[in-house]
Every structure is written in C-alpha cells, then in structure tokens.
Amino acid sequence: MHILEIPSFFVPYGGLFCLDQSRSLASLGHEVRIIANVQLSVKRSLSEYVFSQRGMCKTEMDGITVYRSELRGLPMCVKPNARRWVSGVQKMFARYVKLHGKPDIIHAHCVKWAGYAASLISEEYDIPFVITEHLSSMIYAREFKGEMADVWQIPLLRGALKKADMVIPVSAELVDDLSVYFGKDYRWQSVSNMIDTDFYLYRQREPREGRPLRFCCLANYDPRKGYDVLFDAFDMFNKEHPDAELHIAGNDTKGAECIDEIKRHSSASRIFPYGVLDKHKVLELLYRCDCLILATRNEAQGLVLFESMSTGIPAITTDCVPMNVRIEGGCFIFPVDDAHALYDMMNNVMSADGIDGKALSMKVADVASPSVIGKKIEKVFEDVLHRRY
C-alpha cells in the first residue's frame with residue numbers, strides 16, 4: 001500500500017505517535033510518507049516563529065520521508081489559524097501528488113484538524129481516509145467554549161468523522177468520552193497506540209532493602225493529570241515512610257506553579273521535579289523507580305502506563321483510563337480524585353509479593369508493541385480498501 005500520514009501536530013509540538021506508526025507500517029513493506037504542516041507558537045519560541053522556514057521542505061526522520069512546512073500561528077485567532085492550516089495541508093497534498101502520485105489511503109491523526117483536511121482531500125481526489133483519534137474530551141474542551149450550538153468547530157469535525165472510511169480511537173472508551181461533542185454516528189474500530197517495547201526493555205530493579213522506595217510520575221503539570229491528588233497521597237505515605245521519594249517529570253514540573261504547590265506539602269523535601277526529560281532520561285528514571293503513579297482525571301489512553309510496565313514496574317492509576325492499558329498483575333486502579341484511596345493503593349502495591357516484572361513486560365509487548373499494532377492498523381487499511389474497491 002501507498003500510505004500518506006497527516007498529523008494534526010508534529011515535532012516539536014508532539015506528534016511522535018504519527019512517526020511511530022509510520023515506521024511500523026513501513027517495516028511491513030508499505031510505502032509510507034508524512035506531510036506535516038506545523039503551526040508555530042510565538043509563545044513557545046520567538047526565534048522559531050520569526051525565522052520559520054518558507055515553503056515545503058523534505059527531510060528524513062527514522063527512515064521515513066517527511067514533507068514539512070511551517071505556519072506562523074496568529075495569537076488569539078483560532079478560526080483563521082484553522083482555515084490557514086487546512087488550506088496549507090491541501091496545498092501540500094497537491095504538491096505531494098505531483099511528486100509521488102495519489103496514495104492508496106490517507107491516515108490522519110486526530111480529527112482536529114488533520115481529519116477534517118483529509119475529508120476535504122478525500123472528496124476532491126476520491127481517496128479513502130482513516131482517522132486515528134488520540135485526544136480526550138478534556139483536551140477538546142479547552143477550545144470548545146460556550147454553548148454547544150455556538151461552537152463552530154463541532155459541525156466540521158463531526159462531519160469529517162462521519163465521512164471517514166474508518167475512525168480508529170485509541171481505546172473503545174474514547175468513543176463515549178467524545179460523544180458529547182461528536183456523537184457516535186461514524187464507523188469505528190479501536191486500536192491501541194504503540195510504544196517502543198525494544199526501547200522500554202525489562203530490567204530487574206535493585207533490592208528494596210536498605211534504600212528508599214521510589215515512585216515516579218511522568219506527566220505534564222496540568223490539572224488533568226491530578227498532581228494535587230498525588231501530592232496529598234504522597235504526604236500520607238511519607239508520614240509512614242519518611243525516606244520514600246517521588247520523582248516527577250514533564251512539561252512545567254519544574255515551573256514556578258508546580259514548585260509552589262510542592263512547597264505547600266509536608267513531603268516537599270522528598271519530591272524531586274525534573275522538568276522535561278528526553279526519552280533516554282525517562283528510561284533511566286524508570287529503571288531507578290519501583291512504581292509509576294498517574295492520578296489522571298481524563299485520559300484517552302496513557303502510554304506512560306505501558307512504558308513503565310514494559311520496563312518491569314507496576315503502575316497505579318485512576319478508573320478513568322481505558323481497559324486496554326489495565327494489564328493484569330501490573331496496573332492497579334483507584335477512583336479519580338481520591339487521595340486516600342491512592343495512599344491505600346501505594347501501600348498495597350509496595351507491600352505486595354509476586355509482581356513478576358518480566359512477565360508484565362511481555363504482556364505489554366503482546367498488547368502494544370510496534371509489530372502487533374502495525375499489523376492491526378494494516379488490517380484496518382486492507383478492509384477499508386476492500387470495501388471501497
């Protein structure tokens with residue numbers, strides 16, 4: 001198959017899931033490329049914004065050809081930015097077809113706005129398209145403000161989902177989560193996101209005797225991630241285990257707001273913030289820790305849970321995470337916003353015997369490895385093409 005991937009956002013603004021899936025599909029023998037229209041934010045980097053590249057350029061990322069263009073986002077201009085971004089993708093696609101011909105299928109990542117752009121391209125060129133949806137309702141809610149009838153984005157995105165040859169939510173629960181905005185009047189088949197199981201390899205941890213228990217949380221400092229609940233629970237745990245440690249990493253975890261919140265807690269001296277870490281530093285941190293905690297309030301999937309379990313440690317998280325990450329014997333669930341329940345779970349997991357880290361890692365590979373997920377996506381594409389033609 002000739003597959004063209006279109007991400008809604010891309011490096012340095014995330015979007016590596018698009019690259020991961022492209023690599024997996026290419027390893028199965030398919031012709032896979034990416035077109036990425038990257039909207040730059042003046043808040044993130046003034047120099048990147050001012051000196052943005054002009055036109056579409058070609059680059060290679062992990063063996064995948066990426067055609068990239070950059071768009072200067074206009075501050076506080078959501079609607080014009082969306083229109084400019086979609087128009088830019090359409091122009092990139094027209095140039096792509098001149099270079100490589102029409103793809104057999106278009107794979108958009110997130111309906112906002114790659115899925116919408118793909119629906120317009122599909123209509124113009126008569127090419128089937130699939131949308132993988134990664135984002136939860138809480139993320140969409142940040143932009144969809146006001147009365148539902150007045151949210152101009154919803155009819156456009158709902159229409160794109162309905163027109164898609166298939167929608168691939170990263171969990172079945174995501175369909176219900178998003179139904180408040182998009183309904184369910186579209187074809188869908190859930191396929192988990194993948195993690196690099198060859199990178200997040202199992203490693204046996206050092207014996208716990210004679211050293212502090214180490215917890216970690218790998219998440220941006222954001223209300224959705226429940227750091228307030230985590231800090232309260234760790235305060236309780238720290239009173240009984242005064243040498244225990246909590247290591248946190250992610251965007252803004254070393255920012256002023258997070259530091260101030262840490263200082264308000266009795267366990268502040270045992271909480272260690274790192275800010276943003278690259279994946280190698282993340283792996284090092286996981287290998288030092290005994291358990292990962294994600295006190296999330298809303299989650300499309302939560303790949304960090306897979307990543308931690310793949311290295312051989314259990315994960316504690318809330319009952320809002322989908323079933324496909326709840327690996328038996330490794331993922332332990334407590335109610336959202338319940339610090340006392342989290343404290344109890346921390347005690348239970350840390351005192352439990354018989355957690356087989358190696359077996360846990362193998363279970364994750366069976367669910368979320370690139371080879372497993374690549375074949376599932378390939379099957380979805382084959383079915384779409386079979387029905388279409």
# chains A, B, ... in the order shown; residues from 1 in each chain; ligands from 1
>>> residues_around(residues="A:Gln90", least_positions_apart="4", cutoff="7 Å", atoms="only C-alpha atoms", output="PyMOL selection string")
chain A and resi 86+94+117+121
>>> write_last_selection(atoms="N, CA, C and O atoms", output="PDB file, in the first residue's frame")
ATOM      1  N   VAL A  86      -5.553  24.195   7.390  1.00  0.00           N
ATOM      2  CA  VAL A  86      -6.199  23.231   6.499  1.00  0.00           C
ATOM      3  C   VAL A  86      -5.873  23.537   5.046  1.00  0.00           C
ATOM      4  O   VAL A  86      -5.550  22.633   4.255  1.00  0.00           O
ATOM      5  N   ALA A  94      -1.394  18.556  -2.824  1.00  0.00           N
ATOM      6  CA  ALA A  94      -1.337  18.723  -4.284  1.00  0.00           C
ATOM      7  C   ALA A  94       0.107  18.602  -4.782  1.00  0.00           C
ATOM      8  O   ALA A  94       0.362  17.963  -5.815  1.00  0.00           O
ATOM      9  N   ALA A 117      -9.061  18.054   7.253  1.00  0.00           N
ATOM     10  CA  ALA A 117      -8.340  18.287   5.991  1.00  0.00           C
ATOM     11  C   ALA A 117      -8.385  17.041   5.116  1.00  0.00           C
ATOM     12  O   ALA A 117      -8.581  17.124   3.895  1.00  0.00           O
ATOM     13  N   ILE A 121      -9.687  16.524   1.185  1.00  0.00           N
ATOM     14  CA  ILE A 121      -8.806  15.947   0.167  1.00  0.00           C
ATOM     15  C   ILE A 121      -9.449  14.680  -0.411  1.00  0.00           C
ATOM     16  O   ILE A 121      -9.421  14.450  -1.628  1.00  0.00           O
TER      17      ILE A 121
END
>>> closest_atom_pairs(of="stretch 287-330 of chain A", to="stretch 218-234 of chain A", cutoff="12 Å", atoms="only C-alpha atoms", output="CSV")
residue,atom,partner,partner_atom,distance
A:Cys289,CA,A:Leu218,CA,11.7
A:Cys291,CA,A:Leu218,CA,11.2
A:Leu292,CA,A:Leu218,CA,7.8
A:Ile293,CA,A:Leu230,CA,7.8
A:Leu294,CA,A:Lys225,CA,6.9
A:Ala295,CA,A:Gly226,CA,4.8
A:Thr296,CA,A:Lys225,CA,4.1
A:Arg297,CA,A:Arg224,CA,5.2
A:Asn298,CA,A:Arg224,CA,6.2
A:Glu299,CA,A:Arg224,CA,8.3
A:Ala300,CA,A:Arg224,CA,11.5
A:Gly302,CA,A:Ala219,CA,9.5
A:Leu303,CA,A:Leu218,CA,10.2
A:Val304,CA,A:Leu218,CA,6.9
A:Leu305,CA,A:Leu218,CA,9.2
A:Phe306,CA,A:Leu218,CA,11.9
A:Glu307,CA,A:Leu218,CA,10.2
A:Ser308,CA,A:Leu218,CA,9.5
A:Ala315,CA,A:Leu218,CA,11.2
A:Ile316,CA,A:Leu230,CA,10.7
A:Thr317,CA,A:Leu230,CA,10.2
A:Thr318,CA,A:Gly226,CA,9.7
A:Cys320,CA,A:Arg224,CA,11.3
A:Val321,CA,A:Lys225,CA,11.6
>>> write_last_selection(atoms="C-alpha atoms", output="mmCIF file, in the first residue's frame")
data_model
loop_
_atom_site.group_PDB
_atom_site.id
_atom_site.type_symbol
_atom_site.label_atom_id
_atom_site.label_comp_id
_atom_site.auth_asym_id
_atom_site.auth_seq_id
_atom_site.Cartn_x
_atom_site.Cartn_y
_atom_site.Cartn_z
ATOM 1 C CA CYS A 289 11.926 3.608 40.443
ATOM 2 C CA CYS A 291 6.281 2.137 40.758
ATOM 3 C CA LEU A 292 4.693 4.736 38.479
ATOM 4 C CA ILE A 293 1.640 6.757 39.547
ATOM 5 C CA LEU A 294 -0.694 8.629 37.199
ATOM 6 C CA ALA A 295 -3.547 10.283 39.112
ATOM 7 C CA THR A 296 -5.219 11.392 35.893
ATOM 8 C CA ARG A 297 -8.740 12.834 35.718
ATOM 9 C CA ASN A 298 -9.242 12.219 31.990
ATOM 10 C CA GLU A 299 -7.147 10.083 29.659
ATOM 11 C CA ALA A 300 -7.533 8.871 26.094
ATOM 12 C CA GLY A 302 -1.957 6.910 28.892
ATOM 13 C CA LEU A 303 1.032 5.396 27.112
ATOM 14 C CA VAL A 304 3.301 6.133 30.063
ATOM 15 C CA LEU A 305 1.488 3.300 31.846
ATOM 16 C CA PHE A 306 2.548 0.887 29.114
ATOM 17 C CA GLU A 307 6.082 2.283 29.140
ATOM 18 C CA SER A 308 6.543 1.835 32.879
ATOM 19 C CA ALA A 315 1.586 1.323 37.546
ATOM 20 C CA ILE A 316 -1.084 2.871 39.764
ATOM 21 C CA THR A 317 -3.709 4.974 38.012
ATOM 22 C CA THR A 318 -7.344 6.002 38.091
ATOM 23 C CA CYS A 320 -10.802 6.792 34.011
ATOM 24 C CA VAL A 321 -8.117 5.006 32.000
#
>>> residues_around(residues="stretch 29-34 of chain A", least_positions_apart="5", cutoff="7 Å", atoms="only C-alpha atoms", output="list in words")
Met1, His2, Ile3, Leu4, Glu5, Ile6, Ser22, Ile64, Thr65, Val66 and Tyr67 of chain A
>>> write_last_selection(atoms="N, CA, C and O atoms", output="CSV table (one decimal), in the first residue's frame")
chain,number,residue,atom,x,y,z
A,1,MET,N,0.8,-1.2,0.0
A,1,MET,CA,0.0,0.0,0.0
A,1,MET,C,0.9,1.3,0.0
A,1,MET,O,1.9,1.3,0.6
A,2,HIS,N,0.4,2.3,-0.7
A,2,HIS,CA,1.0,3.6,-0.6
A,2,HIS,C,0.1,4.4,0.4
A,2,HIS,O,-1.0,4.7,0.2
A,3,ILE,N,0.8,4.7,1.6
A,3,ILE,CA,0.1,5.3,2.7
A,3,ILE,C,0.6,6.7,2.9
A,3,ILE,O,1.9,6.9,3.0
A,4,LEU,N,-0.2,7.7,3.0
A,4,LEU,CA,0.2,9.0,3.4
A,4,LEU,C,-0.4,9.4,4.8
A,4,LEU,O,-1.6,9.3,5.0
A,5,GLU,N,0.5,9.7,5.7
A,5,GLU,CA,0.2,10.1,7.0
A,5,GLU,C,0.1,11.6,7.2
A,5,GLU,O,1.0,12.3,6.7
A,6,ILE,N,-1.0,12.1,7.8
A,6,ILE,CA,-1.1,13.6,8.1
A,6,ILE,C,-1.4,13.8,9.6
A,6,ILE,O,-2.5,13.4,10.0
A,22,SER,N,4.1,5.2,11.4
A,22,SER,CA,4.7,5.2,10.0
A,22,SER,C,5.8,4.2,9.9
A,22,SER,O,5.9,3.4,9.0
A,64,ILE,N,11.8,7.6,7.6
A,64,ILE,CA,10.5,8.0,7.0
A,64,ILE,C,10.7,9.3,6.3
A,64,ILE,O,11.2,10.3,6.9
A,65,THR,N,10.3,9.5,5.1
A,65,THR,CA,10.3,10.8,4.4
A,65,THR,C,9.2,11.7,4.9
A,65,THR,O,8.0,11.3,5.0
A,66,VAL,N,9.6,12.9,5.4
A,66,VAL,CA,8.6,13.8,5.9
A,66,VAL,C,8.7,15.1,5.1
A,66,VAL,O,9.8,15.7,4.9
A,67,TYR,N,7.6,15.5,4.5
A,67,TYR,CA,7.4,16.8,3.9
A,67,TYR,C,6.8,17.8,4.9
A,67,TYR,O,5.7,17.5,5.4
>>> closest_residue(among="A:Lys112, A:Arg95, A:Arg84, A:Lys102", to="A:Ser8", atoms="only C-alpha atoms")
A:Lys112
>>> select_by_dssp(residues="stretch 30-269 of chain A", states="strand (DSSP E or B)", output="ChimeraX atom specification")
/A:31-40,57-61,64-72,105-109,129-133,166-169,188,214-218,245-249
>>> select_by_dssp(residues="stretch 9-256 of chain A", states="alpha helix (DSSP H)", output="MDAnalysis selection string")
chainID A and resid 16:27 46:50 78:100 116:125 137:141 153:163 173:182 227:240 256
>>> closest_residue(among="A:Cys77, A:Pro128, A:Gln21, A:Lys58", to="A:Arg388", atoms="only C-alpha atoms")
A:Pro128
>>> residues_around(residues="A:Ser351", least_positions_apart="6", cutoff="12 Å", atoms="only C-alpha atoms", output="mmCIF file with all heavy atoms, in the first residue's frame")
data_model
loop_
_atom_site.group_PDB
_atom_site.id
_atom_site.type_symbol
_atom_site.label_atom_id
_atom_site.label_comp_id
_atom_site.auth_asym_id
_atom_site.auth_seq_id
_atom_site.Cartn_x
_atom_site.Cartn_y
_atom_site.Cartn_z
ATOM 1 N N ARG A 208 15.011 -3.750 47.428
ATOM 2 C CA ARG A 208 14.480 -2.596 48.140
ATOM 3 C C ARG A 208 15.085 -2.421 49.531
ATOM 4 O O ARG A 208 15.043 -1.320 50.086
ATOM 5 C CB ARG A 208 12.955 -2.722 48.271
ATOM 6 C CG ARG A 208 12.222 -2.652 46.945
ATOM 7 C CD ARG A 208 10.720 -2.779 47.169
ATOM 8 N NE ARG A 208 9.997 -2.877 45.914
ATOM 9 C CZ ARG A 208 8.704 -3.133 45.816
ATOM 10 N NH1 ARG A 208 7.991 -3.335 46.929
ATOM 11 N NH2 ARG A 208 8.119 -3.214 44.637
ATOM 12 N N LEU A 213 11.938 3.665 49.053
ATOM 13 C CA LEU A 213 11.003 3.343 47.984
ATOM 14 C C LEU A 213 10.903 4.554 47.051
ATOM 15 O O LEU A 213 10.857 5.695 47.505
ATOM 16 C CB LEU A 213 9.619 3.027 48.558
ATOM 17 C CG LEU A 213 9.493 1.745 49.373
ATOM 18 C CD1 LEU A 213 8.122 1.685 50.034
ATOM 19 C CD2 LEU A 213 9.709 0.523 48.492
ATOM 20 N N ASP A 290 10.383 2.175 41.605
ATOM 21 C CA ASP A 290 9.688 0.935 41.932
ATOM 22 C C ASP A 290 8.250 0.906 41.437
ATOM 23 O O ASP A 290 7.651 -0.167 41.335
ATOM 24 C CB ASP A 290 9.677 0.742 43.457
ATOM 25 C CG ASP A 290 11.071 0.739 44.042
ATOM 26 O OD1 ASP A 290 11.852 -0.160 43.689
ATOM 27 O OD2 ASP A 290 11.379 1.641 44.839
ATOM 28 N N CYS A 291 7.686 2.075 41.143
ATOM 29 C CA CYS A 291 6.281 2.137 40.758
ATOM 30 C C CYS A 291 6.001 3.483 40.112
ATOM 31 O O CYS A 291 6.552 4.511 40.535
ATOM 32 C CB CYS A 291 5.403 1.965 42.008
ATOM 33 S SG CYS A 291 3.625 2.019 41.692
ATOM 34 N N ASP A 344 -3.814 4.222 50.012
ATOM 35 C CA ASP A 344 -4.009 2.800 50.316
ATOM 36 C C ASP A 344 -3.411 1.918 49.223
ATOM 37 O O ASP A 344 -2.770 0.893 49.513
ATOM 38 C CB ASP A 344 -5.499 2.487 50.466
ATOM 39 C CG ASP A 344 -6.097 3.069 51.735
ATOM 40 O OD1 ASP A 344 -5.335 3.358 52.672
ATOM 41 O OD2 ASP A 344 -7.342 3.245 51.768
ATOM 42 N N MET A 345 -3.621 2.319 47.969
ATOM 43 C CA MET A 345 -3.106 1.516 46.871
ATOM 44 C C MET A 345 -1.577 1.518 46.858
ATOM 45 O O MET A 345 -0.947 0.488 46.565
ATOM 46 C CB MET A 345 -3.650 2.039 45.537
ATOM 47 C CG MET A 345 -3.301 1.166 44.343
ATOM 48 S SD MET A 345 -4.020 -0.497 44.452
ATOM 49 C CE MET A 345 -5.746 -0.119 44.123
#
>>> atom_distance(atom1="atom CA of A:Gly63", atom2="atom CA of A:Leu25")
11.8 Å
>>> closest_residue(among="A:Tyr186, A:Phe215, A:Phe334, A:Phe9", to="A:Pro169", atoms="only C-alpha atoms")
A:Tyr186
>>> closest_residue(among="A:Pro273, A:Pro335, A:Val282, A:Val151", to="A:Glu257", atoms="only C-alpha atoms")
A:Pro273
>>> atom_distance(atom1="atom CA of A:Asp165", atom2="atom CA of A:His134")
17.2 Å
>>> residues_around(residues="A:Arg270", least_positions_apart="6", cutoff="9 Å", atoms="only C-alpha atoms", output="list in words")
Asn238, Pro242, Asp243, Ala244, Glu245, Leu246 and His247 of chain A
>>> closest_residue(among="A:Ile105, A:Leu201, A:Val364, A:Val180", to="A:Arg158", atoms="only C-alpha atoms")
A:Val180
>>> closest_residue(among="A:Tyr343, A:Trp113, A:Phe237, A:Phe272", to="A:Glu133", atoms="only C-alpha atoms")
A:Trp113
>>> residues_around(residues="A:Phe381", least_positions_apart="3", cutoff="8 Å", atoms="only C-alpha atoms", output="ChimeraX atom specification")
/A:105,130,377-378,384-385
>>> write_last_selection(atoms="N, CA and C atoms", output="mmCIF file, in the first residue's frame")
data_model
loop_
_atom_site.group_PDB
_atom_site.id
_atom_site.type_symbol
_atom_site.label_atom_id
_atom_site.label_comp_id
_atom_site.auth_asym_id
_atom_site.auth_seq_id
_atom_site.Cartn_x
_atom_site.Cartn_y
_atom_site.Cartn_z
ATOM 1 N N ILE A 105 -4.305 5.328 0.402
ATOM 2 C CA ILE A 105 -5.110 5.663 1.581
ATOM 3 C C ILE A 105 -4.431 6.796 2.336
ATOM 4 N N VAL A 130 -8.700 7.448 6.730
ATOM 5 C CA VAL A 130 -8.923 6.908 8.067
ATOM 6 C C VAL A 130 -8.420 7.940 9.069
ATOM 7 N N ILE A 377 -3.318 -2.070 12.359
ATOM 8 C CA ILE A 377 -3.633 -0.918 11.505
ATOM 9 C C ILE A 377 -3.632 -1.338 10.043
ATOM 10 N N GLU A 378 -2.662 -2.161 9.665
ATOM 11 C CA GLU A 378 -2.601 -2.682 8.306
ATOM 12 C C GLU A 378 -3.907 -3.390 7.948
ATOM 13 N N VAL A 384 -10.636 -1.424 4.614
ATOM 14 C CA VAL A 384 -11.181 -0.202 4.014
ATOM 15 C C VAL A 384 -11.049 -0.244 2.496
ATOM 16 N N LEU A 385 -9.891 -0.622 2.014
ATOM 17 C CA LEU A 385 -9.673 -0.668 0.565
ATOM 18 C C LEU A 385 -10.534 -1.746 -0.080
#
